[in-house]
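Trainee: Here it is: the structure, laid out below.
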There are 2 protein chains.
Amino acid sequence: MKSDSPASVRVGLLGYGNVGRAFARLLASRAPDLAERRGVGLRLVAVGTRRPNDARDAGLGDVRWTTDLASVASAPDVDLVVELIGGHEPANALIRAALGAGKIVVTANKLLLAKEGASLQALAREKRAGLGIEAAVAGGIPILRALRESFAGDRIASVSGILNGTCNFILTEMEATGRAYADVLKDAQKLGYAEADPASDVEGEDAAYKLALLARLAFGRDAQVAQIAREGITRLLPCDFLYAKRLGRTPRQLGVARELPSGHLLLSVRTHLVSSASLLAKVTGPFNAIEVKAAAGGSFVFSGRGAGGDPTATAVLADVVELARSKGEPRVPPLGFADLLPCEAASAGEFVSAYSLRFVVRDRSGIIADLARVLADHGANIDAVFQEPWPDKDALPFVITLEPVAQSALDAALAKIRRLDFHVEPPLAMPLTD
Amino acid sequence: MKSDSPASVRVGLLGYGNVGRAFARLLASRAPDLAERRGVGLRLVAVGTRRPNDARDAGLGDVRWTTDLASVASAPDVDLVVELIGGHEPANALIRAALGAGKIVVTANKLLLAKEGASLQALAREKRAGLGIEAAVAGGIPILRALRESFAGDRIASVSGILNGTCNFILTEMEATGRAYADVLKDAQKLGYAEADPASDVEGEDAAYKLALLARLAFGRDAQVAQIAREGITRLLPCDFLYAKRLGRTPRQLGVARELPSGHLLLSVRTHLVSSASLLAKVTGPFNAIEVKAAAGGSFVFSGRGAGGDPTATAVLADVVELARSKGEPRVPPLGFADLLPCEAASAGEFVSAYSLRFVVRDRSGIIADLARVLADHGANIDAVFQEPWPDKDALPFVITLEPVAQSALDAALAKIRRLDFHVEPPLAMPLTD
């Protein structure tokens, strides 16, 4: 391969934010080596950005800069379009234009893929154009390729994990420092781990986009974000970390997609109390980790940086290299299955788990008895009650752990419990997960 | 895809041991789903095994059984040969015959690939035949595909990890129980985690085969097993686990391949003391875990079952599916690079690390002073001395930790230290690794 200089695939880049800039620089630095050692010639010919001030970056050489993004998507001298704008429009229209023109497209756009993945895949197939989506989930962790190819021969039972680095940073920082959610969020914003408006991260929306994609690749079913039960991390209190430790556990915001015997998919993004002995408990800071449980292969964990310019750019470049090699003839559908089956989400009655219930109350006698009665009425069996010494009797936290119970039964019990008069904070239920 | 029943790729299986049997069963159970959902038709047509009693397994349907392995490798009705015999010959001749006949080959044979990988790859390329090798390293963990494709755009700094499940079972069991190596080895043998002759596992040979392959895929250099510095786990004592814990660490047998600024590769298989906070410390029992450090993407860890019939069979089947799809036109060379560069191994002078030195001595005065003098003479600086209370003054263990020092200097110091008269066990040096 070294002797022949490979014909170059001409790359057009849409979007020059954090990831776009990292990608352009990575491509510039890696192109000689890719040409010489991997036999893949790549050349950045055009960058489309809506902010003209971004442009004219030194060091990228002879590149056409434009604010007319559509011109890049349809340019005759562009073979492969990298979309790093994010969001629904104009990314959607630009990708469709590029695929329509038979160009290869690589995108990191989880929102767009969660919403229109099946339709974009169908368009790519119709046009015999490659579509690369690895960077849309978990940054540099090659989980989509693993699901699509490495687990193709196995039957996947579940895919789950830490899908949002912002949440993981906040939770592990709260655990390490004992500080309150709002304080730690401010730190995360200063450090660039959280946006000025953190809602999409801390409310689980970002993780839900990723989980929808993971579920499609794992199960071949067209899981939708609206089918994913979501609960954010905003209600966690410092006492939750104390009680978690007492239970030999630690809080982790997990996305979970599991196929039940009924064929329904259990789909949720919420805070679990995971065992301190688990690998996921060791994943701290703004990292991601994904666990795949497969029928024959057993359990696998993949961890690494799930966001950030450089890790995401490496995933984009890996897709660019793969698709540049197979010019317009992708071997495997981006979602792993050419035709996704409809997805039926599991009902709350199908999700059975042990739980921790945390209460913060104005102390008076009879509280445990009141709670025990409501729980028993709904068939939820108490495993243990934990109450640590606490100075403030007007806001006293304690925890009840439950034996495995259907979430529907627990929800009904909690609806009644919330109407009791002693709460200072709404009760918080977290599944206990190995 | 669902409507057209895909043309079948006809599979011939060589070897019907633990992995061969698991593969045949996995293929039988997964073939309908692969045909319907993934558009890949696969059919097992022949099984070659030297033990006729293995044969005629119920449930595999209309399959030709033979003890004439060569007839399977050259059969006109076989499109793809799966080699699960292991060892050098006859596997080598059979694979060459199959590739020579233009057949796709999938193998889990780490020994053969470590010895003849580059030559087999060249033959496959010449014959335009696919060659799949994922199952040769770390069983079901898709680390080779990740190195070959997902990290293709990044520059890898190091690849390292727990490559041998037998060693990891023994070490983590010694840690958990405080028992001696020989006792735990017997348990491992009873449980099927260690062979009757455990030498290849516990002396690091098995890990060295895998490390040679990992180094080729990570760095594109033709690393050879003979270039890998090896030290087994047989000298570890129960006291080593006590002192490791005292240091906030735990012993892990790691294969390490790291590119130094000189371009030389540091290649070793030995016991490191890893930080208890690391993910690798959480990998217990007969599991594998591999850490990839990349310039742009950062650090990634992949863990899972690294051996056993079913996990290895899933990796074999993933390769079969991939190569069946691309019939004889593999996109990417199996070793990631079409042409491997020569590999120059780093010298002991280039490996600089902090160390723990463990001694077991007949106690007398002046021992520490003697050791300190020899270490100082070789430029090795003592960081700390640890001596726990111990009942047996005739076999007293203690530990000296060293600041970072070149291994060549340490080796020279240890050669002198070994000649001192107070040793009950030879001193044991273990690098301290994060």
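How things are named: the first chain in the structure tokens is A, the next is B, and so on; residues count from 1 in each chain; ligands count from 1 in the order shown.
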Env of stretch 413-430 of chain A: 7 Å cut, atoms = only C-alpha atoms, seq-sep filter 4 positions within chain, self excluded. Answer as a list in words.
Mentor: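 Near neighbours after the sequence-gap exclusion: Thr271, His272, Leu273, Tyr355, Ser356, Leu357, Arg358, Phe359, Val360, Val361, Arg362, Leu371, Val374, Leu375, His378, Ala395 and Ala409 of chain A.
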Trainee: Considering only C-alpha atoms, tabulate each residue of chain B that lies at most 6 Å from chain A along with its nearest interatomic pair and the corresponding distance in Å to one decimal; arrange the rows by chain and ascending residue number and present them as JSON lines.
Mentor:
{"residue": "B:Arg38", "atom": "CA", "partner": "A:Phe337", "partner_atom": "CA", "distance": 5.9}
{"residue": "B:Gly140", "atom": "CA", "partner": "A:Gly297", "partner_atom": "CA", "distance": 5.9}
{"residue": "B:Pro142", "atom": "CA", "partner": "A:Ser150", "partner_atom": "CA", "distance": 6.0}
{"residue": "B:Ser150", "atom": "CA", "partner": "A:Ala318", "partner_atom": "CA", "distance": 5.2}
{"residue": "B:Ala152", "atom": "CA", "partner": "A:Ala318", "partner_atom": "CA", "distance": 5.7}
{"residue": "B:Gly153", "atom": "CA", "partner": "A:Ala318", "partner_atom": "CA", "distance": 5.2}
{"residue": "B:Ala296", "atom": "CA", "partner": "A:Asp310", "partner_atom": "CA", "distance": 5.3}
{"residue": "B:Gly297", "atom": "CA", "partner": "A:Pro311", "partner_atom": "CA", "distance": 4.0}
{"residue": "B:Ser299", "atom": "CA", "partner": "A:Gly304", "partner_atom": "CA", "distance": 5.8}
{"residue": "B:Phe300", "atom": "CA", "partner": "A:Gly304", "partner_atom": "CA", "distance": 4.4}
{"residue": "B:Val301", "atom": "CA", "partner": "A:Ser303", "partner_atom": "CA", "distance": 5.2}
{"residue": "B:Phe302", "atom": "CA", "partner": "A:Phe302", "partner_atom": "CA", "distance": 4.6}
{"residue": "B:Ser303", "atom": "CA", "partner": "A:Val301", "partner_atom": "CA", "distance": 5.1}
{"residue": "B:Gly304", "atom": "CA", "partner": "A:Phe300", "partner_atom": "CA", "distance": 4.3}
{"residue": "B:Asp310", "atom": "CA", "partner": "A:Ala296", "partner_atom": "CA", "distance": 5.3}
{"residue": "B:Pro311", "atom": "CA", "partner": "A:Gly297", "partner_atom": "CA", "distance": 4.0}
{"residue": "B:Thr314", "atom": "CA", "partner": "A:Gly153", "partner_atom": "CA", "distance": 5.9}
{"residue": "B:Leu317", "atom": "CA", "partner": "A:Gly153", "partner_atom": "CA", "distance": 5.4}
{"residue": "B:Ala318", "atom": "CA", "partner": "A:Ser150", "partner_atom": "CA", "distance": 5.2}
{"residue": "B:Phe337", "atom": "CA", "partner": "A:Arg38", "partner_atom": "CA", "distance": 5.8}
Trainee: Limited to N, CA and C atoms, could you put the picked residues into a file as an mmCIF file, in the first residue's frame?
Mentor:
data_model
loop_
_atom_site.group_PDB
_atom_site.id
_atom_site.type_symbol
_atom_site.label_atom_id
_atom_site.label_comp_id
_atom_site.auth_asym_id
_atom_site.auth_seq_id
_atom_site.Cartn_x
_atom_site.Cartn_y
_atom_site.Cartn_z
ATOM 1 N N ARG B 38 -30.607 -10.242 9.486
ATOM 2 C CA ARG B 38 -29.357 -9.612 9.061
ATOM 3 C C ARG B 38 -29.045 -9.869 7.590
ATOM 4 N N GLY B 140 -14.649 -13.073 23.580
ATOM 5 C CA GLY B 140 -15.757 -12.312 23.038
ATOM 6 C C GLY B 140 -15.566 -10.803 23.048
ATOM 7 N N PRO B 142 -14.543 -7.483 21.656
ATOM 8 C CA PRO B 142 -14.228 -7.154 20.253
ATOM 9 C C PRO B 142 -13.078 -6.158 20.143
ATOM 10 N N SER B 150 -12.139 1.185 14.790
ATOM 11 C CA SER B 150 -12.607 2.318 15.580
ATOM 12 C C SER B 150 -11.478 3.264 15.960
ATOM 13 N N ALA B 152 -8.792 3.608 14.023
ATOM 14 C CA ALA B 152 -7.974 3.804 12.827
ATOM 15 C C ALA B 152 -7.592 5.266 12.643
ATOM 16 N N GLY B 153 -8.429 6.188 13.103
ATOM 17 C CA GLY B 153 -8.140 7.600 12.907
ATOM 18 C C GLY B 153 -7.303 8.216 14.001
ATOM 19 N N ALA B 296 -5.833 11.262 20.811
ATOM 20 C CA ALA B 296 -6.964 12.189 20.795
ATOM 21 C C ALA B 296 -8.124 11.681 21.647
ATOM 22 N N GLY B 297 -8.414 10.401 21.587
ATOM 23 C CA GLY B 297 -9.617 9.861 22.219
ATOM 24 C C GLY B 297 -9.491 9.639 23.707
ATOM 25 N N SER B 299 -8.478 7.462 27.119
ATOM 26 C CA SER B 299 -8.331 6.090 27.615
ATOM 27 C C SER B 299 -9.666 5.340 27.541
ATOM 28 N N PHE B 300 -9.622 4.121 27.029
ATOM 29 C CA PHE B 300 -10.809 3.276 26.901
ATOM 30 C C PHE B 300 -10.524 1.926 27.531
ATOM 31 N N VAL B 301 -11.521 1.359 28.191
ATOM 32 C CA VAL B 301 -11.381 0.014 28.744
ATOM 33 C C VAL B 301 -12.498 -0.863 28.189
ATOM 34 N N PHE B 302 -12.123 -2.065 27.775
ATOM 35 C CA PHE B 302 -13.071 -3.064 27.285
ATOM 36 C C PHE B 302 -12.916 -4.292 28.157
ATOM 37 N N SER B 303 -13.986 -4.749 28.770
ATOM 38 C CA SER B 303 -13.863 -5.943 29.606
ATOM 39 C C SER B 303 -14.948 -6.958 29.300
ATOM 40 N N GLY B 304 -14.658 -8.193 29.634
ATOM 41 C CA GLY B 304 -15.628 -9.265 29.425
ATOM 42 C C GLY B 304 -14.959 -10.614 29.548
ATOM 43 N N ASP B 310 -18.395 -20.481 24.701
ATOM 44 C CA ASP B 310 -19.438 -19.604 24.170
ATOM 45 C C ASP B 310 -18.930 -18.211 23.798
ATOM 46 N N PRO B 311 -18.184 -17.516 24.684
ATOM 47 C CA PRO B 311 -17.718 -16.180 24.288
ATOM 48 C C PRO B 311 -16.815 -16.223 23.055
ATOM 49 N N THR B 314 -18.872 -16.659 19.935
ATOM 50 C CA THR B 314 -19.572 -15.462 19.443
ATOM 51 C C THR B 314 -18.641 -14.591 18.610
ATOM 52 N N LEU B 317 -18.321 -16.259 15.260
ATOM 53 C CA LEU B 317 -19.519 -16.079 14.432
ATOM 54 C C LEU B 317 -19.614 -14.640 13.912
ATOM 55 N N ALA B 318 -19.200 -13.667 14.713
ATOM 56 C CA ALA B 318 -19.216 -12.272 14.234
ATOM 57 C C ALA B 318 -18.310 -12.126 13.017
ATOM 58 N N PHE B 337 -3.166 -3.232 9.122
ATOM 59 C CA PHE B 337 -2.231 -2.613 8.192
ATOM 60 C C PHE B 337 -1.850 -3.665 7.150
#
Trainee: If we count only C-alpha atoms, what is near A:Ala223 at a cut-off of 12 Å, once residues fewer than 2 positions away on the same chain are taken out, given as a PDB file with N, CA and C atoms, in the first residue's frame?
Mentor:
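This went into around.pdb:
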ATOM      1  N   LEU A 113     -30.784  11.472  14.641  1.00  0.00           N
ATOM      2  CA  LEU A 113     -30.841  10.029  14.402  1.00  0.00           C
ATOM      3  C   LEU A 113     -31.911   9.367  15.265  1.00  0.00           C
ATOM      4  N   ALA A 114     -32.062   9.867  16.500  1.00  0.00           N
ATOM      5  CA  ALA A 114     -33.112   9.300  17.350  1.00  0.00           C
ATOM      6  C   ALA A 114     -34.477   9.544  16.711  1.00  0.00           C
ATOM      7  N   LYS A 115     -34.633  10.712  16.098  1.00  0.00           N
ATOM      8  CA  LYS A 115     -35.940  11.044  15.512  1.00  0.00           C
ATOM      9  C   LYS A 115     -36.122  10.441  14.128  1.00  0.00           C
ATOM     10  N   GLU A 116     -35.080  10.475  13.301  1.00  0.00           N
ATOM     11  CA  GLU A 116     -35.264  10.134  11.891  1.00  0.00           C
ATOM     12  C   GLU A 116     -34.301   9.056  11.408  1.00  0.00           C
ATOM     13  N   GLY A 117     -33.750   8.295  12.332  1.00  0.00           N
ATOM     14  CA  GLY A 117     -32.728   7.328  11.952  1.00  0.00           C
ATOM     15  C   GLY A 117     -33.180   6.333  10.898  1.00  0.00           C
ATOM     16  N   ALA A 118     -34.363   5.751  11.096  1.00  0.00           N
ATOM     17  CA  ALA A 118     -34.824   4.713  10.165  1.00  0.00           C
ATOM     18  C   ALA A 118     -35.043   5.305   8.778  1.00  0.00           C
ATOM     19  N   ALA A 208     -31.582   9.743  26.589  1.00  0.00           N
ATOM     20  CA  ALA A 208     -32.685   9.040  25.925  1.00  0.00           C
ATOM     21  C   ALA A 208     -32.452   8.951  24.418  1.00  0.00           C
ATOM     22  N   TYR A 209     -31.907   9.998  23.812  1.00  0.00           N
ATOM     23  CA  TYR A 209     -31.572   9.917  22.384  1.00  0.00           C
ATOM     24  C   TYR A 209     -30.600   8.761  22.133  1.00  0.00           C
ATOM     25  N   LYS A 210     -29.579   8.710  22.976  1.00  0.00           N
ATOM     26  CA  LYS A 210     -28.564   7.671  22.799  1.00  0.00           C
ATOM     27  C   LYS A 210     -29.155   6.288  23.046  1.00  0.00           C
ATOM     28  N   LEU A 211     -29.998   6.196  24.079  1.00  0.00           N
ATOM     29  CA  LEU A 211     -30.576   4.892  24.395  1.00  0.00           C
ATOM     30  C   LEU A 211     -31.474   4.394  23.263  1.00  0.00           C
ATOM     31  N   ALA A 212     -32.206   5.301  22.639  1.00  0.00           N
ATOM     32  CA  ALA A 212     -33.058   4.887  21.509  1.00  0.00           C
ATOM     33  C   ALA A 212     -32.192   4.264  20.412  1.00  0.00           C
ATOM     34  N   LEU A 213     -31.047   4.888  20.131  1.00  0.00           N
ATOM     35  CA  LEU A 213     -30.154   4.342  19.104  1.00  0.00           C
ATOM     36  C   LEU A 213     -29.564   3.002  19.540  1.00  0.00           C
ATOM     37  N   LEU A 214     -29.128   2.913  20.775  1.00  0.00           N
ATOM     38  CA  LEU A 214     -28.570   1.648  21.272  1.00  0.00           C
ATOM     39  C   LEU A 214     -29.608   0.532  21.173  1.00  0.00           C
ATOM     40  N   ALA A 215     -30.846   0.839  21.538  1.00  0.00           N
ATOM     41  CA  ALA A 215     -31.898  -0.185  21.517  1.00  0.00           C
ATOM     42  C   ALA A 215     -32.158  -0.656  20.090  1.00  0.00           C
ATOM     43  N   ARG A 216     -32.110   0.268  19.125  1.00  0.00           N
ATOM     44  CA  ARG A 216     -32.318  -0.154  17.731  1.00  0.00           C
ATOM     45  C   ARG A 216     -31.215  -1.102  17.293  1.00  0.00           C
ATOM     46  N   LEU A 217     -29.963  -0.753  17.602  1.00  0.00           N
ATOM     47  CA  LEU A 217     -28.845  -1.587  17.175  1.00  0.00           C
ATOM     48  C   LEU A 217     -28.814  -2.912  17.917  1.00  0.00           C
ATOM     49  N   ALA A 218     -29.239  -2.916  19.173  1.00  0.00           N
ATOM     50  CA  ALA A 218     -29.175  -4.146  19.964  1.00  0.00           C
ATOM     51  C   ALA A 218     -30.305  -5.103  19.611  1.00  0.00           C
ATOM     52  N   PHE A 219     -31.489  -4.560  19.355  1.00  0.00           N
ATOM     53  CA  PHE A 219     -32.671  -5.424  19.228  1.00  0.00           C
ATOM     54  C   PHE A 219     -33.338  -5.344  17.859  1.00  0.00           C
ATOM     55  N   GLY A 220     -32.876  -4.441  17.004  1.00  0.00           N
ATOM     56  CA  GLY A 220     -33.497  -4.327  15.689  1.00  0.00           C
ATOM     57  C   GLY A 220     -34.924  -3.818  15.753  1.00  0.00           C
ATOM     58  N   ARG A 221     -35.246  -3.118  16.816  1.00  0.00           N
ATOM     59  CA  ARG A 221     -36.606  -2.566  16.970  1.00  0.00           C
ATOM     60  C   ARG A 221     -36.531  -1.036  16.974  1.00  0.00           C
ATOM     61  N   VAL A 225     -37.822   7.784  21.406  1.00  0.00           N
ATOM     62  CA  VAL A 225     -37.524   8.502  22.642  1.00  0.00           C
ATOM     63  C   VAL A 225     -38.765   8.611  23.526  1.00  0.00           C
ATOM     64  N   ALA A 226     -39.928   8.791  22.901  1.00  0.00           N
ATOM     65  CA  ALA A 226     -41.159   8.950  23.683  1.00  0.00           C
ATOM     66  C   ALA A 226     -41.499   7.684  24.471  1.00  0.00           C
ATOM     67  N   GLN A 227     -40.910   6.551  24.092  1.00  0.00           N
ATOM     68  CA  GLN A 227     -41.200   5.295  24.805  1.00  0.00           C
ATOM     69  C   GLN A 227     -40.291   5.084  26.017  1.00  0.00           C
ATOM     70  N   ILE A 228     -39.347   5.991  26.212  1.00  0.00           N
ATOM     71  CA  ILE A 228     -38.359   5.805  27.274  1.00  0.00           C
ATOM     72  C   ILE A 228     -38.809   6.533  28.536  1.00  0.00           C
ATOM     73  N   ALA A 257     -31.910  -0.591  28.311  1.00  0.00           N
ATOM     74  CA  ALA A 257     -32.798  -1.199  27.317  1.00  0.00           C
ATOM     75  C   ALA A 257     -32.669  -2.702  27.458  1.00  0.00           C
ATOM     76  N   ARG A 258     -33.767  -3.347  27.814  1.00  0.00           N
ATOM     77  CA  ARG A 258     -33.723  -4.797  28.052  1.00  0.00           C
ATOM     78  C   ARG A 258     -34.912  -5.453  27.365  1.00  0.00           C
ATOM     79  N   GLU A 259     -34.650  -6.571  26.711  1.00  0.00           N
ATOM     80  CA  GLU A 259     -35.750  -7.293  26.066  1.00  0.00           C
ATOM     81  C   GLU A 259     -36.350  -8.264  27.066  1.00  0.00           C
ATOM     82  N   HIS A 264     -41.377  -7.345  24.636  1.00  0.00           N
ATOM     83  CA  HIS A 264     -41.409  -5.900  24.903  1.00  0.00           C
ATOM     84  C   HIS A 264     -40.028  -5.427  25.345  1.00  0.00           C
ATOM     85  N   LEU A 265     -39.734  -4.154  25.052  1.00  0.00           N
ATOM     86  CA  LEU A 265     -38.477  -3.583  25.520  1.00  0.00           C
ATOM     87  C   LEU A 265     -38.726  -2.725  26.749  1.00  0.00           C
ATOM     88  N   LEU A 266     -37.942  -3.012  27.770  1.00  0.00           N
ATOM     89  CA  LEU A 266     -37.913  -2.148  28.932  1.00  0.00           C
ATOM     90  C   LEU A 266     -36.968  -1.004  28.604  1.00  0.00           C
ATOM     91  N   LEU A 267     -37.444   0.230  28.658  1.00  0.00           N
ATOM     92  CA  LEU A 267     -36.629   1.379  28.237  1.00  0.00           C
ATOM     93  C   LEU A 267     -36.714   2.456  29.301  1.00  0.00           C
ATOM     94  N   SER A 268     -35.597   2.773  29.950  1.00  0.00           N
ATOM     95  CA  SER A 268     -35.653   3.819  30.967  1.00  0.00           C
ATOM     96  C   SER A 268     -34.321   4.530  31.118  1.00  0.00           C
ATOM     97  N   LEU A 335     -27.910   1.058  11.291  1.00  0.00           N
ATOM     98  CA  LEU A 335     -28.622   0.647  12.499  1.00  0.00           C
ATOM     99  C   LEU A 335     -28.524  -0.857  12.739  1.00  0.00           C
ATOM    100  N   LEU A 340     -36.129  -2.329  10.615  1.00  0.00           N
ATOM    101  CA  LEU A 340     -36.402  -2.388  12.044  1.00  0.00           C
ATOM    102  C   LEU A 340     -37.828  -2.885  12.256  1.00  0.00           C
ATOM    103  N   LEU A 341     -37.999  -3.728  13.266  1.00  0.00           N
ATOM    104  CA  LEU A 341     -39.339  -4.137  13.664  1.00  0.00           C
ATOM    105  C   LEU A 341     -39.953  -3.038  14.533  1.00  0.00           C
ATOM    106  N   PRO A 342     -41.281  -3.018  14.609  1.00  0.00           N
ATOM    107  CA  PRO A 342     -41.885  -2.055  15.538  1.00  0.00           C
ATOM    108  C   PRO A 342     -41.438  -2.358  16.964  1.00  0.00           C
ATOM    109  N   CYS A 343     -41.416  -1.341  17.791  1.00  0.00           N
ATOM    110  CA  CYS A 343     -40.981  -1.504  19.185  1.00  0.00           C
ATOM    111  C   CYS A 343     -42.178  -1.348  20.101  1.00  0.00           C
ATOM    112  N   GLU A 344     -42.418  -2.350  20.921  1.00  0.00           N
ATOM    113  CA  GLU A 344     -43.447  -2.198  21.940  1.00  0.00           C
ATOM    114  C   GLU A 344     -42.752  -2.060  23.295  1.00  0.00           C
ATOM    115  N   ALA A 345     -43.000  -0.955  23.953  1.00  0.00           N
ATOM    116  CA  ALA A 345     -42.330  -0.718  25.230  1.00  0.00           C
ATOM    117  C   ALA A 345     -43.022  -1.495  26.337  1.00  0.00           C
ATOM    118  N   ALA A 346     -42.223  -1.969  27.274  1.00  0.00           N
ATOM    119  CA  ALA A 346     -42.777  -2.698  28.414  1.00  0.00           C
ATOM    120  C   ALA A 346     -43.609  -1.755  29.267  1.00  0.00           C
TER     121      ALA A 346
END
Trainee: Within 7 Å of stretch 119-125 of chain B, counting only C-alpha atoms, which residues qualify if same-chain residues fewer than 6 places away don't, as a VMD selection string?
Mentor: chain B and resid 99 131 334
Trainee: Just the strand (DSSP E or B) stuff from stretch 118-192 of chain B, please, per backbone DSSP, written as a ChimeraX atom specification.
Mentor: /B:131-132,156-162
Trainee: Please produce a file of the residues just selected, as a PDB file, in the first residue's frame, where the atoms kept are C-alpha atoms.
Mentor:
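That gives us part_25.pdb:
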ATOM      1  CA  LEU B 131      -9.301 -13.896   7.002  1.00  0.00           C
ATOM      2  CA  GLY B 132     -11.026 -13.318  10.354  1.00  0.00           C
ATOM      3  CA  ILE B 156      -2.485   4.757  19.827  1.00  0.00           C
ATOM      4  CA  ALA B 157      -0.063   5.332  22.670  1.00  0.00           C
ATOM      5  CA  SER B 158      -0.483   2.016  24.445  1.00  0.00           C
ATOM      6  CA  VAL B 159      -2.582  -1.110  24.635  1.00  0.00           C
ATOM      7  CA  SER B 160      -2.447  -3.141  27.792  1.00  0.00           C
ATOM      8  CA  GLY B 161      -4.509  -5.286  30.042  1.00  0.00           C
ATOM      9  CA  ILE B 162      -5.523  -8.521  31.627  1.00  0.00           C
TER      10      ILE B 162
END
Trainee: Using the chain letters and numbers from this document, which residues of stretch 339-432 of chain A does DSSP assign to alpha helix (DSSP H), as a PyMOL selection string?
Mentor: chain A and resi 367-377+407-417
Trainee: Distance atom CA of A:Leu402-atom CA of A:Ile382, one decimal place?
Mentor: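 If I compute the distance from atom CA of A:Leu402 to atom CA of A:Ile382, I get 4.5 Å.
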Trainee: Nearest residue to B:Asn168 out of B:Lys103, B:Lys186, B:Arg128, B:Arg252, using only C-alpha atoms?
Mentor: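 Nearest candidate to B:Asn168 out of B:Lys103, B:Lys186, B:Arg128, B:Arg252: B:Arg252.
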Trainee: Given only C-alpha atoms as the basis, pick out the residue of A:Arg179, A:Arg270, A:Arg64, A:Lys190 nearest to A:Cys239.
Mentor: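 Nearest candidate to A:Cys239 out of A:Arg179, A:Arg270, A:Arg64, A:Lys190: A:Arg179.
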Trainee: Show me, as a list in words, the residues that have an atom within 7 Å of A:Thr172 when counting only C-alpha atoms, minus same-chain residues fewer than 4 positions from it.
Mentor: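 Counting only the stated atoms, we get Asn168, Ala176, Thr284 and Gly285 of chain A.
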Trainee: Limited to N, CA and C atoms, could you put the picked residues into a file as a JSON list (two decimals), in the first residue's frame?
Mentor:
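Result file is again.json:
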[["chain", "number", "residue", "atom", "x", "y", "z"],
["A", 168, "ASN", "N", -22.88, 12.03, 35.16],
["A", 168, "ASN", "CA", -21.93, 11.22, 35.92],
["A", 168, "ASN", "C", -20.94, 12.09, 36.68],
["A", 176, "ALA", "N", -18.26, 12.50, 46.15],
["A", 176, "ALA", "CA", -16.92, 12.74, 46.69],
["A", 176, "ALA", "C", -16.88, 13.89, 47.68],
["A", 284, "THR", "N", -16.01, 7.22, 37.12],
["A", 284, "THR", "CA", -16.28, 8.49, 37.78],
["A", 284, "THR", "C", -15.97, 9.65, 36.84],
["A", 285, "GLY", "N", -16.49, 10.82, 37.17],
["A", 285, "GLY", "CA", -16.24, 11.99, 36.35],
["A", 285, "GLY", "C", -17.00, 11.92, 35.03]]
